[in-house]
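Participant: One file is attached below, protein24.txt, containing compact mmCIF, C-alpha atoms and all ligand atoms.
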# COMPACT_ATOMS: atom_id res chain seq x y z
CA MET A 24 68.31 58.87 -21.08
CA SER A 25 64.74 59.86 -21.72
CA ALA A 26 62.22 60.17 -18.93
CA ALA A 27 60.24 57.30 -20.40
CA VAL A 28 63.23 54.95 -20.22
CA SER A 29 63.99 56.01 -16.65
CA TYR A 30 60.40 55.47 -15.70
CA GLU A 31 60.43 51.94 -17.12
CA ARG A 32 63.69 51.20 -15.35
CA VAL A 33 62.32 52.42 -12.03
CA ARG A 34 59.27 50.18 -12.43
CA ASP A 35 61.45 47.22 -13.28
CA GLN A 36 63.80 47.86 -10.38
CA LEU A 37 60.99 48.26 -7.87
CA GLN A 38 59.61 44.96 -9.08
CA ARG A 39 62.96 43.21 -8.75
CA LEU A 40 63.39 44.67 -5.28
CA LYS A 41 59.93 43.29 -4.45
CA MET A 42 58.72 46.74 -3.43
CA GLU A 43 55.16 46.02 -4.47
CA SER A 44 53.55 48.88 -2.67
CA ALA A 45 56.03 51.43 -3.97
CA LEU A 46 55.48 50.07 -7.46
CA ALA A 47 51.72 50.28 -7.12
CA SER A 48 51.84 53.86 -5.89
CA LEU A 49 54.63 55.07 -8.18
CA ASP A 50 52.33 56.92 -10.58
CA ALA A 51 50.36 58.59 -7.81
CA VAL A 52 53.56 59.61 -6.02
CA LEU A 53 55.12 61.05 -9.17
CA GLU A 54 51.94 62.88 -10.11
CA ARG A 55 51.61 64.37 -6.68
CA GLY A 56 55.27 65.39 -6.75
CA GLN A 57 54.72 67.25 -9.98
CA LYS A 58 51.46 68.88 -8.98
CA GLU A 59 52.79 70.05 -5.62
CA GLU A 60 56.19 70.91 -7.08
CA ARG A 61 57.89 68.66 -4.59
CA LEU A 62 61.64 68.24 -4.31
CA PRO A 63 63.08 64.93 -5.54
CA VAL A 64 63.92 63.99 -1.97
CA GLU A 65 60.30 64.57 -0.92
CA VAL A 66 59.07 62.35 -3.72
CA LEU A 67 61.46 59.60 -2.63
CA ASP A 68 60.37 60.03 0.95
CA ASP A 69 56.73 59.60 -0.05
CA LEU A 70 57.47 56.49 -2.12
CA LEU A 71 59.61 54.72 0.47
CA GLY A 72 57.23 55.70 3.26
CA ARG A 73 54.35 53.97 1.49
CA GLU A 74 56.39 50.81 0.98
CA LEU A 75 57.41 50.70 4.65
CA ALA A 76 53.87 51.41 5.86
CA THR A 77 52.50 48.48 3.86
CA ARG A 78 55.24 46.18 5.09
CA PHE A 79 54.61 47.20 8.67
CA GLU A 80 50.89 46.58 8.32
CA ARG A 81 51.55 43.16 6.83
CA ARG A 82 53.91 42.31 9.67
CA VAL A 83 51.27 43.34 12.20
CA GLN A 84 48.69 41.10 10.54
CA THR A 85 51.10 38.15 10.47
CA ASN A 86 52.09 38.66 14.09
CA LEU A 87 48.43 38.85 15.02
CA LYS A 88 47.73 35.54 13.30
CA LEU A 89 50.69 33.85 14.97
CA SER A 90 49.98 35.28 18.41
CA GLY A 91 47.43 32.71 19.50
CA ILE A 92 45.18 35.42 20.91
CA PRO A 93 41.79 33.75 21.29
CA ALA A 94 39.45 36.75 21.00
CA PRO A 95 40.56 40.34 20.56
CA LYS A 96 40.05 42.55 23.61
CA THR A 97 41.01 46.19 23.83
CA LEU A 98 41.66 48.70 26.57
CA ASP A 99 38.99 50.91 25.01
CA GLY A 100 36.58 48.05 25.52
CA PHE A 101 37.44 47.75 29.19
CA ASP A 102 34.90 49.33 31.51
CA PHE A 103 37.03 50.86 34.27
CA ASP A 104 33.98 52.17 36.11
CA ALA A 105 32.68 48.64 36.47
CA GLN A 106 35.96 47.53 37.99
CA PRO A 107 37.23 50.27 40.31
CA GLN A 108 39.81 47.79 41.64
CA VAL A 109 41.73 48.18 38.42
CA PRO A 110 43.94 51.30 38.61
CA LYS A 111 43.40 53.09 35.33
CA ASP A 112 46.64 55.05 35.60
CA VAL A 113 48.66 51.86 36.05
CA ILE A 114 46.99 50.25 33.03
CA GLU A 115 47.58 53.37 30.95
CA GLU A 116 51.23 53.33 31.93
CA LEU A 117 51.44 49.66 30.93
CA ALA A 118 49.80 50.51 27.61
CA THR A 119 52.79 52.71 26.77
CA LEU A 120 54.73 49.41 26.61
CA ARG A 121 57.56 50.85 28.63
CA PHE A 122 57.45 47.62 30.64
CA LEU A 123 58.12 45.63 27.48
CA HIS A 124 61.09 47.76 26.47
CA GLN A 125 62.51 47.38 29.97
CA GLY A 126 61.87 43.65 30.16
CA GLU A 127 59.51 43.95 33.10
CA ASN A 128 56.71 41.53 33.90
CA VAL A 129 53.04 42.16 34.59
CA LEU A 130 50.87 39.99 36.83
CA PHE A 131 47.10 40.20 36.90
CA LEU A 132 45.78 38.42 39.97
CA GLY A 133 42.20 37.87 41.04
CA PRO A 134 39.19 35.59 40.93
CA CYS A 135 37.44 34.33 37.83
CA GLY A 136 35.75 36.80 35.49
CA VAL A 137 37.20 40.08 36.73
CA GLY A 138 38.97 40.95 33.47
CA LYS A 139 42.48 39.53 33.92
CA SER A 140 42.63 37.86 30.51
CA HIS A 141 40.92 40.85 28.91
CA LEU A 142 43.66 43.18 30.15
CA ALA A 143 46.47 40.75 29.29
CA ILE A 144 45.14 40.35 25.73
CA ALA A 145 44.70 44.11 25.37
CA LEU A 146 48.36 44.65 26.27
CA ALA A 147 49.44 41.93 23.84
CA LEU A 148 47.40 43.57 21.08
CA LYS A 149 48.99 46.93 21.84
CA ALA A 150 52.40 45.31 21.49
CA ILE A 151 51.43 43.69 18.18
CA GLU A 152 50.04 46.98 16.84
CA ARG A 153 53.42 48.55 17.46
CA GLY A 154 55.20 45.84 15.51
CA HIS A 155 56.22 43.48 18.32
CA ARG A 156 55.73 39.75 18.35
CA ALA A 157 53.46 38.52 21.11
CA TYR A 158 52.67 34.95 22.02
CA PHE A 159 49.62 34.02 24.04
CA LEU A 160 49.17 30.64 25.73
CA SER A 161 47.03 29.40 28.56
CA LEU A 162 48.92 27.28 31.05
CA HIS A 163 46.82 24.36 29.87
CA ASP A 164 48.02 24.87 26.27
CA LEU A 165 51.59 25.41 27.41
CA VAL A 166 51.52 22.05 29.15
CA ALA A 167 49.89 20.34 26.16
CA ARG A 168 52.49 21.77 23.78
CA ALA A 169 55.36 20.87 26.06
CA ARG A 170 54.12 17.29 26.32
CA ALA A 171 53.63 16.92 22.58
CA ALA A 172 57.05 18.46 21.93
CA ARG A 173 58.72 16.22 24.50
CA GLU A 174 57.37 13.13 22.78
CA LYS A 175 58.94 14.25 19.53
CA ASN A 176 62.16 15.28 21.23
CA ARG A 177 61.50 18.86 20.22
CA LEU A 178 61.16 20.51 23.58
CA ASP A 179 64.01 22.90 22.80
CA VAL A 180 62.18 24.05 19.66
CA GLN A 181 59.04 24.81 21.65
CA LEU A 182 61.13 26.63 24.23
CA ARG A 183 62.72 28.73 21.52
CA VAL A 184 59.34 29.68 20.05
CA ILE A 185 58.24 31.00 23.41
CA THR A 186 61.54 32.68 24.19
CA ARG A 187 61.73 34.43 20.84
CA ALA A 188 58.51 36.43 21.21
CA ASP A 189 58.93 39.99 22.43
CA LEU A 190 56.02 39.45 24.81
CA PHE A 191 54.78 36.20 26.26
CA VAL A 192 51.36 35.99 27.87
CA LEU A 193 50.77 33.06 30.19
CA ASP A 194 47.08 32.89 30.93
CA GLU A 195 45.32 31.04 33.74
CA LEU A 196 48.19 30.02 35.94
CA GLY A 197 46.73 28.29 38.97
CA TYR A 198 43.62 26.57 37.72
CA LEU A 199 45.57 23.41 37.20
CA PRO A 200 48.22 21.90 39.48
CA LEU A 201 51.44 21.15 37.60
CA GLU A 202 53.33 17.90 37.39
CA GLN A 203 57.07 17.96 37.93
CA THR A 204 58.17 17.84 34.26
CA ASP A 205 55.64 20.51 33.26
CA ALA A 206 56.62 22.72 36.15
CA THR A 207 60.27 22.32 35.18
CA PHE A 208 59.44 23.38 31.62
CA LEU A 209 57.62 26.44 32.92
CA PHE A 210 60.65 27.26 35.05
CA GLU A 211 62.84 27.06 31.94
CA VAL A 212 60.48 29.37 30.07
CA VAL A 213 60.52 31.92 32.86
CA SER A 214 64.31 31.65 33.34
CA LYS A 215 65.13 31.94 29.65
CA ARG A 216 62.96 35.01 29.26
CA TYR A 217 64.30 36.51 32.46
CA GLU A 218 67.89 36.05 31.30
CA ALA A 219 67.04 37.54 27.91
CA GLY A 220 65.37 40.54 29.59
CA LYS A 221 62.03 39.76 27.97
CA SER A 222 58.62 40.42 29.48
CA ILE A 223 55.96 37.97 30.58
CA VAL A 224 52.37 38.85 31.36
CA VAL A 225 50.77 36.35 33.74
CA THR A 226 47.17 36.00 34.82
CA SER A 227 46.38 33.91 37.87
CA ASN A 228 43.48 33.23 40.17
CA LYS A 229 45.95 32.48 42.97
CA SER A 230 47.64 35.01 45.20
CA TYR A 231 51.41 34.66 45.61
CA GLY A 232 50.89 32.94 48.95
CA GLN A 233 48.93 30.21 47.21
CA TRP A 234 51.39 29.58 44.41
CA HIS A 235 52.97 26.65 46.20
CA GLU A 236 49.64 24.86 45.62
CA ILE A 237 50.24 25.02 41.85
CA PHE A 238 53.75 23.61 41.91
CA PRO A 239 54.86 20.14 42.93
CA ASP A 240 57.57 21.56 45.15
CA SER A 241 57.88 24.91 46.81
CA THR A 242 61.50 25.43 45.71
CA LEU A 243 60.31 25.64 42.11
CA ALA A 244 57.46 27.96 43.08
CA VAL A 245 59.89 30.27 44.86
CA ALA A 246 62.38 30.18 41.99
CA ILE A 247 59.71 31.07 39.44
CA LEU A 248 58.15 33.79 41.59
CA ASP A 249 61.60 35.21 42.27
CA ARG A 250 62.31 35.75 38.61
CA LEU A 251 58.82 36.92 37.73
CA LEU A 252 58.68 39.46 40.53
CA HIS A 253 62.21 40.84 40.19
CA HIS A 254 60.97 43.60 37.89
CA ALA A 255 57.20 43.46 37.87
CA THR A 256 53.93 45.29 38.14
CA THR A 257 51.22 43.42 40.01
CA VAL A 258 47.59 44.33 39.47
CA ASN A 259 45.38 42.77 42.14
CA ILE A 260 41.75 42.66 41.09
CA ARG A 261 39.23 41.68 43.66
CA GLY A 262 35.52 41.96 43.26
CA GLU A 263 32.86 40.27 41.32
CA SER A 264 32.79 38.61 37.92
CA TYR A 265 31.92 41.18 35.25
CA ARG A 266 29.48 38.90 33.46
CA LEU A 267 27.78 37.64 36.60
CA ARG A 268 27.22 41.15 37.81
CA HIS A 269 25.76 42.18 34.47
CA ARG A 270 23.44 39.23 34.45
CA ARG A 271 22.44 39.94 38.03
CA GLN A 272 21.80 43.59 37.20
CA ALA A 273 19.63 42.42 34.34
CA GLY A 274 17.76 40.28 36.83
CA THR A 275 18.67 36.96 35.21
CA GLY A 276 21.60 35.85 37.35
CA PRO A 277 22.07 34.59 40.88
CA THR A 278 22.52 37.07 43.70
CA PRO A 279 25.85 36.68 45.43
CA THR A 280 25.75 34.84 48.71
CA THR A 281 27.04 36.75 51.68
P1 LIG A 301 39.31 36.56 33.93
O1 LIG A 301 40.42 36.30 32.97
O2 LIG A 301 39.67 37.46 35.06
O3 LIG A 301 38.68 35.29 34.42
P2 LIG A 301 38.06 37.73 31.61
O4 LIG A 301 39.07 38.76 31.27
O5 LIG A 301 38.03 36.51 30.77
O6 LIG A 301 38.16 37.31 33.15
O7 LIG A 301 36.62 38.42 31.61
C1 LIG A 301 35.44 37.66 31.42
C2 LIG A 301 34.59 38.37 30.36
O8 LIG A 301 34.13 39.61 30.88
C3 LIG A 301 35.37 38.69 29.12
O9 LIG A 301 34.51 38.59 28.01
C4 LIG A 301 35.79 40.15 29.32
O10 LIG A 301 35.94 40.82 28.08
C5 LIG A 301 34.64 40.70 30.13
N1 LIG A 301 35.05 41.72 31.09
C6 LIG A 301 35.56 41.52 32.32
N2 LIG A 301 35.77 42.67 32.96
C7 LIG A 301 35.39 43.65 32.11
C8 LIG A 301 35.37 45.09 32.17
N3 LIG A 301 35.73 45.75 33.29
N4 LIG A 301 34.92 45.76 31.09
C9 LIG A 301 34.52 45.10 29.97
N5 LIG A 301 34.51 43.75 29.85
C10 LIG A 301 34.94 43.03 30.89
MG MG A 302 41.01 34.50 32.24
Before we go any further, please render this structure as structure tokens.
Ligand code: ADP
Ligand code: MG

Facilitator:
Amino acid sequence: MSAAVSYERVRDQLQRLKMESALASLDAVLERGQKEERLPVEVLDDLLGRELATRFERRVQTNLKLSGIPAPKTLDGFDFDAQPQVPKDVIEELATLRFLHQGENVLFLGPCGVGKSHLAIALALKAIERGHRAYFLSLHDLVARARAAREKNRLDVQLRVITRADLFVLDELGYLPLEQTDATFLFEVVSKRYEAGKSIVVTSNKSYGQWHEIFPDSTLAVAILDRLLHHATTVNIRGESYRLRHRRQAGTGPTPTT
């Protein structure tokens, strides 16, 4: 078979295999192989590597879109000097995603504006960048979705969506007291993920001692905390709101009352 026929067949086969990126870079890969006198196996490696890289990038973009992350925040964009309460070494360890691979949870606790959501989003983005599926919901949205799903008898579907993600971020636990059915749904979410060995990142303005205020009964609060804390890293952030402090430093915000 002539080289020209083989070439046409390769193009056709790449197309039928839906290897768009490999097809698009075929000429460049072959040319480079010839110029650099590469072995056939090196040429193949180059071609398949390009296809996989494109697919991975596409998956990352899709996962990002589906993640529900409201505004991207990164660890690079986090000012550790401004928040000495946040242990940089602990955050850097979390950024390795070892916790995710080991199914451990992360809890960011502290008052409003200290960077809890920022850090939670940054970890979720790290996970997405590495090809994982992350799902971000505020407690308010979780409750709204659960209620809408319950009305359509699709609560199990909603539960599956949340359970399937490699990482689930539950933002703003504690701003809103939960009703019994909503609290029960949250318990199911936490239990299902716990049993599946999958991580949850929680942000809350309430300390553990105050969690019974969020839940309609303390048994449920204890049961949820039990599962969340079994394998968990807690980052307690005290201190002042990042924005307020900046505004105050700029001379346009209120001074804190003592
Ligand atoms: P919380 O969830 O604790 O209420 P956020 O994470 O929403 O607070 O932070 C409020 C705003 O301040 C966000 O825009 C966040 O990006 C920013 N922010 C908070 N802490 C820091 C920090 N240490 N460095 C950079 N930005 C910060
Ligand atoms: Mg927040």

Participant: Which residues sit within 12 Å of ligand LIG 301 (chain A), counting only C-alpha atoms and all ligand atoms, listed as a ChimeraX atom specification?

Facilitator: /A:93-111,130-145,161,193-198,225-229,258-270

Participant: May I have the residues from that selection written out with C-alpha atoms, as a tab-separated table (two decimals), in the frame of the given file?

Facilitator:
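Ended up saving to result.tsv:
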chain	number	residue	atom	x	y	z
A	93	PRO	CA	41.79	33.75	21.29
A	94	ALA	CA	39.45	36.75	21.00
A	95	PRO	CA	40.56	40.34	20.56
A	96	LYS	CA	40.05	42.55	23.61
A	97	THR	CA	41.01	46.19	23.83
A	98	LEU	CA	41.66	48.70	26.57
A	99	ASP	CA	38.99	50.91	25.01
A	100	GLY	CA	36.58	48.05	25.52
A	101	PHE	CA	37.44	47.75	29.19
A	102	ASP	CA	34.90	49.33	31.51
A	103	PHE	CA	37.03	50.86	34.27
A	104	ASP	CA	33.98	52.17	36.11
A	105	ALA	CA	32.68	48.64	36.47
A	106	GLN	CA	35.96	47.53	37.99
A	107	PRO	CA	37.23	50.27	40.31
A	108	GLN	CA	39.81	47.79	41.64
A	109	VAL	CA	41.73	48.18	38.42
A	110	PRO	CA	43.94	51.30	38.61
A	111	LYS	CA	43.40	53.09	35.33
A	130	LEU	CA	50.87	39.99	36.83
A	131	PHE	CA	47.10	40.20	36.90
A	132	LEU	CA	45.78	38.42	39.97
A	133	GLY	CA	42.20	37.87	41.04
A	134	PRO	CA	39.19	35.59	40.93
A	135	CYS	CA	37.44	34.33	37.83
A	136	GLY	CA	35.75	36.80	35.49
A	137	VAL	CA	37.20	40.08	36.73
A	138	GLY	CA	38.97	40.95	33.47
A	139	LYS	CA	42.48	39.53	33.92
A	140	SER	CA	42.63	37.86	30.51
A	141	HIS	CA	40.92	40.85	28.91
A	142	LEU	CA	43.66	43.18	30.15
A	143	ALA	CA	46.47	40.75	29.29
A	144	ILE	CA	45.14	40.35	25.73
A	145	ALA	CA	44.70	44.11	25.37
A	161	SER	CA	47.03	29.40	28.56
A	193	LEU	CA	50.77	33.06	30.19
A	194	ASP	CA	47.08	32.89	30.93
A	195	GLU	CA	45.32	31.04	33.74
A	196	LEU	CA	48.19	30.02	35.94
A	197	GLY	CA	46.73	28.29	38.97
A	198	TYR	CA	43.62	26.57	37.72
A	225	VAL	CA	50.77	36.35	33.74
A	226	THR	CA	47.17	36.00	34.82
A	227	SER	CA	46.38	33.91	37.87
A	228	ASN	CA	43.48	33.23	40.17
A	229	LYS	CA	45.95	32.48	42.97
A	258	VAL	CA	47.59	44.33	39.47
A	259	ASN	CA	45.38	42.77	42.14
A	260	ILE	CA	41.75	42.66	41.09
A	261	ARG	CA	39.23	41.68	43.66
A	262	GLY	CA	35.52	41.96	43.26
A	263	GLU	CA	32.86	40.27	41.32
A	264	SER	CA	32.79	38.61	37.92
A	265	TYR	CA	31.92	41.18	35.25
A	266	ARG	CA	29.48	38.90	33.46
A	267	LEU	CA	27.78	37.64	36.60
A	268	ARG	CA	27.22	41.15	37.81
A	269	HIS	CA	25.76	42.18	34.47
A	270	ARG	CA	23.44	39.23	34.45

Participant: Return as a tab-separated table the residues of region 110-183 of chain A lying at most 12 Å from region 67-80 of chain A, together with the closest atom-to-atom pair for each and the distance in Å to one decimal, counting all atoms listed in the file, with rows in chain order and ascending residue number.

Facilitator:
residue	atom	partner	partner_atom	distance
A:Ile151	CA	A:Glu80	CA	10.3
A:Glu152	CA	A:Glu80	CA	8.6
A:Arg153	CA	A:Phe79	CA	9.0
A:Gly154	CA	A:Phe79	CA	7.0
A:His155	CA	A:Phe79	CA	10.5

Participant: Between CA of Glu236 (chain A) and CA of Asp164 (chain A), what is the distance, to one decimal in Å?

Facilitator: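 Separation of CA of Glu236 (chain A) and CA of Asp164 (chain A): 19.4 Å.
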
Participant: Which residues are near Arg121 (chain A)? Cut-off 12 Å, all atoms listed in the file, ignore same chain within fewer than 3 positions. Put them as a list of chain:residue names.

Facilitator: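 The neighbour list is A:Val113, A:Ile114, A:Glu115, A:Glu116, A:Leu117, A:Ala118, A:His124, A:Gln125, A:Gly126, A:Glu127, A:Asn128, A:Val129, A:Leu146, A:Lys149, A:Ala150, A:Lys221, A:Ser222, A:Ala255, A:Thr256.
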
Participant: Give me, please, the distance in Å between CA of Asp50 (chain A) and CA of Arg82 (chain A), quoted to one decimal.

Facilitator: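 Going from CA of Asp50 (chain A) over to CA of Arg82 (chain A), I get 25.0 Å.
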
Participant: Between CA of Leu190 (chain A) and CA of Leu251 (chain A), what distance in Å does the model show, to one decimal?

Facilitator: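 If I compute the distance from CA of Leu190 (chain A) to CA of Leu251 (chain A), I get 13.5 Å.
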
Participant: Please determine, counting only C-alpha atoms and all ligand atoms, which residue among A:Thr257, A:Tyr231, A:Val28, A:Phe159 has the shortest atom-to-atom distance to ligand MG 302 (chain A).

Facilitator: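 Distance minimum relative to ligand MG 302 (chain A) lands on A:Phe159.
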
Participant: Find, counting all atoms listed in the file, the residue in A:Leu160, A:Gln272, A:Ala167, A:Lys41 that gets nearest to ligand MG 302 (chain A).

Facilitator: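 Ranked by minimum distance to ligand MG 302 (chain A), first place goes to A:Leu160.
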
Participant: Region 156-170 of chain A, all listed atoms, 4 Å padding on each side: what axis-aligned box centre and edge lengths in Å to one decimal come out, as AutoDock Vina command-line options?

Facilitator:
--center_x 51.3 --center_y 28.5 --center_z 24.7 --size_x 16.9 --size_y 30.5 --size_z 20.7

Participant: Using only C-alpha atoms, give me every residue within 12 Å of (57.5, 26.3, 46.2) in file coordinates, as a PyMOL selection string.

Facilitator: chain A and resi 201+203+206+210+231-249

Participant: If you count all atoms listed in the file, which residues fall within 8 Å of Ile185 (chain A), apart from same-chain ones fewer than 3 positions away, as JSON, numbers by chain?

Facilitator: {"A": [158, 181, 182, 188, 191, 212]}

Participant: Here is a test: counting only C-alpha atoms and all ligand atoms, which residue of A:Val192, A:Val52, A:Arg156, A:Leu46 is nearest to ligand MG 302 (chain A)?

Facilitator: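 Ranking A:Val192, A:Val52, A:Arg156, A:Leu46 by distance to ligand MG 302 (chain A), first place goes to A:Val192.
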
Participant: Which is closest to ligand MG 302 (chain A) among A:Val64, A:Leu209, A:Leu120, A:Leu162, if we use all atoms listed in the file?

Facilitator: A:Leu162
